[in-house]
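The structure appears below as structure tokens.
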Amino acid sequence: MTDLTANLLLRAYAAGIFPMADHATDREIFWVDPDWRGILPLDQFHVPRSLAKAVARNRFKVTVDRCFEEVVAACAASAPGRRSTWISGRIRTLYGDLHRMGHAHSVESWAGDDLVGGLYGVRLGGAFFGESMFSRATDASKVALVHLVARLRAGGFALLDTQFVTQHLSRFGALEIPREAYRARLAEALRRPGDFFRMAQGVDGAAVLHDLTQIS
């Protein structure tokens, strides 16, 4: 894939496939098109009560696109129980290009001046493709996810693609759907003009939770 570019990557997302590498130092990239696709329904997003308290109390300051490349680097870094990831140097470069094009975004959680959690993904029409997240403090990445969902709902998005479903994501209502059902949802989402910045920066946690009523 010597000719892989950011524009080609966007075309791949629009077709329902995404790239991965076998490990962080791998120079090769392969395409993934799962039989079953993970999504997080925006209208059924569930916030555990303990997490809702952390969001409402503004335990972390949450920003958007403040340090995209640092978030990607943190997601790619080794961590306890994870010696290597699929985020190779080549993939990091491509997503940096997408960010400069306005198609990739990060959500960051801060404790003072320290970046302690966050996530990043790709925006195309009314679809957001979540790529990866990291946490250096309890609930830091989860708070970023809550803010992301509120932002997507405010901006009229129709699809939050998680690629796969993990035990972590299932707590928020993530589920798997067949490939064809996913492609139908994707096609509908791509027809929508999602506005990632309709929600302002620095929104208070209580306001973020106001529209997210699935709390238990």
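For the structure tokens, the naming scheme is as follows: chains receive sequential letters (A, B, ...) according to their order of presentation, residues are indexed from 1 within each chain, and ligands are indexed from 1 in presentation order.
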(Q) I want to know what sits within 8 Å of A:Glu131, based on only C-alpha atoms, with residues of the same chain fewer than 6 positions away left out; could you give that as a list in words? (A)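 Returned residues: Leu119, Tyr120, Gly121, Val122, Thr162 and Gln163 of chain A.
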(Q) as an NGL selection string, please: the residues near A:Asp195 (cut-off 9 Å, only C-alpha atoms, same-chain neighbours under 5 positions excluded). (A) :A and (125-126 or 151-152 or 154-157)
For N, CA and C atoms, I'd like the residues from the last selection saved as a PDB file, in the first residue's frame.
ATOM      1  N   GLY A 125     -19.325  13.033   7.164  1.00  0.00           N
ATOM      2  CA  GLY A 125     -20.759  13.260   7.164  1.00  0.00           C
ATOM      3  C   GLY A 125     -21.300  13.206   8.574  1.00  0.00           C
ATOM      4  N   GLY A 126     -22.356  12.413   8.769  1.00  0.00           N
ATOM      5  CA  GLY A 126     -22.937  12.242  10.089  1.00  0.00           C
ATOM      6  C   GLY A 126     -22.476  10.973  10.780  1.00  0.00           C
ATOM      7  N   ARG A 151     -21.508  15.527  22.212  1.00  0.00           N
ATOM      8  CA  ARG A 151     -21.133  16.375  21.073  1.00  0.00           C
ATOM      9  C   ARG A 151     -21.728  15.832  19.772  1.00  0.00           C
ATOM     10  N   LEU A 152     -21.683  14.514  19.584  1.00  0.00           N
ATOM     11  CA  LEU A 152     -22.237  13.919  18.376  1.00  0.00           C
ATOM     12  C   LEU A 152     -23.751  14.086  18.330  1.00  0.00           C
ATOM     13  N   ALA A 154     -25.487  16.469  19.783  1.00  0.00           N
ATOM     14  CA  ALA A 154     -25.778  17.882  19.542  1.00  0.00           C
ATOM     15  C   ALA A 154     -25.554  18.253  18.082  1.00  0.00           C
ATOM     16  N   GLY A 155     -24.591  17.596  17.438  1.00  0.00           N
ATOM     17  CA  GLY A 155     -24.252  17.918  16.056  1.00  0.00           C
ATOM     18  C   GLY A 155     -25.039  17.162  15.010  1.00  0.00           C
ATOM     19  N   GLY A 156     -26.024  16.376  15.419  1.00  0.00           N
ATOM     20  CA  GLY A 156     -26.872  15.684  14.455  1.00  0.00           C
ATOM     21  C   GLY A 156     -26.266  14.448  13.838  1.00  0.00           C
ATOM     22  N   PHE A 157     -25.300  13.826  14.495  1.00  0.00           N
ATOM     23  CA  PHE A 157     -24.691  12.605  13.965  1.00  0.00           C
ATOM     24  C   PHE A 157     -25.657  11.427  14.103  1.00  0.00           C
TER      25      PHE A 157
END
Under the rule of at most 10 Å, produce a per-residue listing of stretch 10-89 of chain A near stretch 167-176 of chain A: chain, number, name, the closest pair of atoms, and the distance in Å, as JSON lines, using only C-alpha atoms.
{"residue": "A:Asp35", "atom": "CA", "partner": "A:Glu176", "partner_atom": "CA", "distance": 9.6}
{"residue": "A:Trp36", "atom": "CA", "partner": "A:Glu176", "partner_atom": "CA", "distance": 5.8}
{"residue": "A:Arg37", "atom": "CA", "partner": "A:Glu176", "partner_atom": "CA", "distance": 5.2}
{"residue": "A:Gly38", "atom": "CA", "partner": "A:Glu176", "partner_atom": "CA", "distance": 4.5}
{"residue": "A:Ile39", "atom": "CA", "partner": "A:Ala174", "partner_atom": "CA", "distance": 5.6}
{"residue": "A:Leu40", "atom": "CA", "partner": "A:Ala174", "partner_atom": "CA", "distance": 4.2}
{"residue": "A:Pro41", "atom": "CA", "partner": "A:Ala174", "partner_atom": "CA", "distance": 6.8}
{"residue": "A:Leu42", "atom": "CA", "partner": "A:Gly173", "partner_atom": "CA", "distance": 9.1}
{"residue": "A:Asp43", "atom": "CA", "partner": "A:Gly173", "partner_atom": "CA", "distance": 9.9}
{"residue": "A:Gln44", "atom": "CA", "partner": "A:Gly173", "partner_atom": "CA", "distance": 6.6}
{"residue": "A:Phe45", "atom": "CA", "partner": "A:Gly173", "partner_atom": "CA", "distance": 5.6}
{"residue": "A:His46", "atom": "CA", "partner": "A:Phe172", "partner_atom": "CA", "distance": 4.6}
{"residue": "A:Val47", "atom": "CA", "partner": "A:Phe172", "partner_atom": "CA", "distance": 6.0}
{"residue": "A:Pro48", "atom": "CA", "partner": "A:Phe172", "partner_atom": "CA", "distance": 7.6}
Q.
With distances taken over only C-alpha atoms, which residue among A:Asp22, A:Asp114, A:Asp97, A:Glu180 lies nearest A:Val62?
A. A:Asp114
Q: Extract, using only C-alpha atoms, all DNA, RNA and protein residues at most 10 Å from stretch 200-204 of chain A, discarding same-chain residues fewer than 3 positions from it, and format them as a PyMOL selection string.
A: chain A and resi 55-58+61-65+147+151+196-197+207-209
(Q) Let's see if you can do this: from backbone DSSP, list all alpha helix (DSSP H) residues in chain A, as a count of residues only. (A) 76
Q.
Taking only C-alpha atoms into account, name the residue in A:Val116, A:Ala73, A:Leu186, A:Ala15 that is nearest to A:Asp139.
A. A:Val116
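With only C-alpha atoms as the basis for measurement, A:Ala104 is the residue among A:Val146, A:Leu212, A:Ala111, A:Ala104 that approaches A:Gly130 most closely.
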Q: Identify all residues of stretch 5-204 of chain A in strand (DSSP E) (DSSP on the backbone) and supply them as a PyMOL selection string.
A: chain A and resi 18-20+30-32+36-39+61-64+104-111+114-124+127-135+159-163+175-178
Q.
From the options A:Arg192, A:Ala127, A:Ser50, A:Val72, which residue's atoms come nearest to A:Thr85, counting only C-alpha atoms?
A.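 Of A:Arg192, A:Ala127, A:Ser50, A:Val72, the one nearest A:Thr85, counting only C-alpha atoms, is A:Val72.
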Q: Name the residues in contact with A:Leu10 at a cut-off of 12 Å, using only C-alpha atoms, excluding same-chain residues fewer than 6 positions from it; report them as a VMD selection string.
A: chain A and resid 4 16 to 19 94 to 95 97 to 99 101 to 104 121 to 125 127 to 129 190
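Of note, atom CA of A:Glu188 and atom CA of A:Gly118 are spaced 27.7 Å apart.
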Q. Which value, in Å to one decimal, gives the distance between atom CA of A:Glu28 and atom CA of A:Val71?
A.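 Atom-to-atom, atom CA of A:Glu28 to atom CA of A:Val71, that is 22.2 Å.
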Q.
I'd like the contact shell of A:Ser135 - 12 Å cut-off, only C-alpha atoms, skipping same-chain residues fewer than 5 positions apart - returned as number ranges by chain.
A. A: 60, 71, 74-80, 107-111, 114-119, 140-145
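Reported to one decimal place, the separation of atom CA of A:Glu69 from atom CA of A:Ala150 is 22.7 Å.
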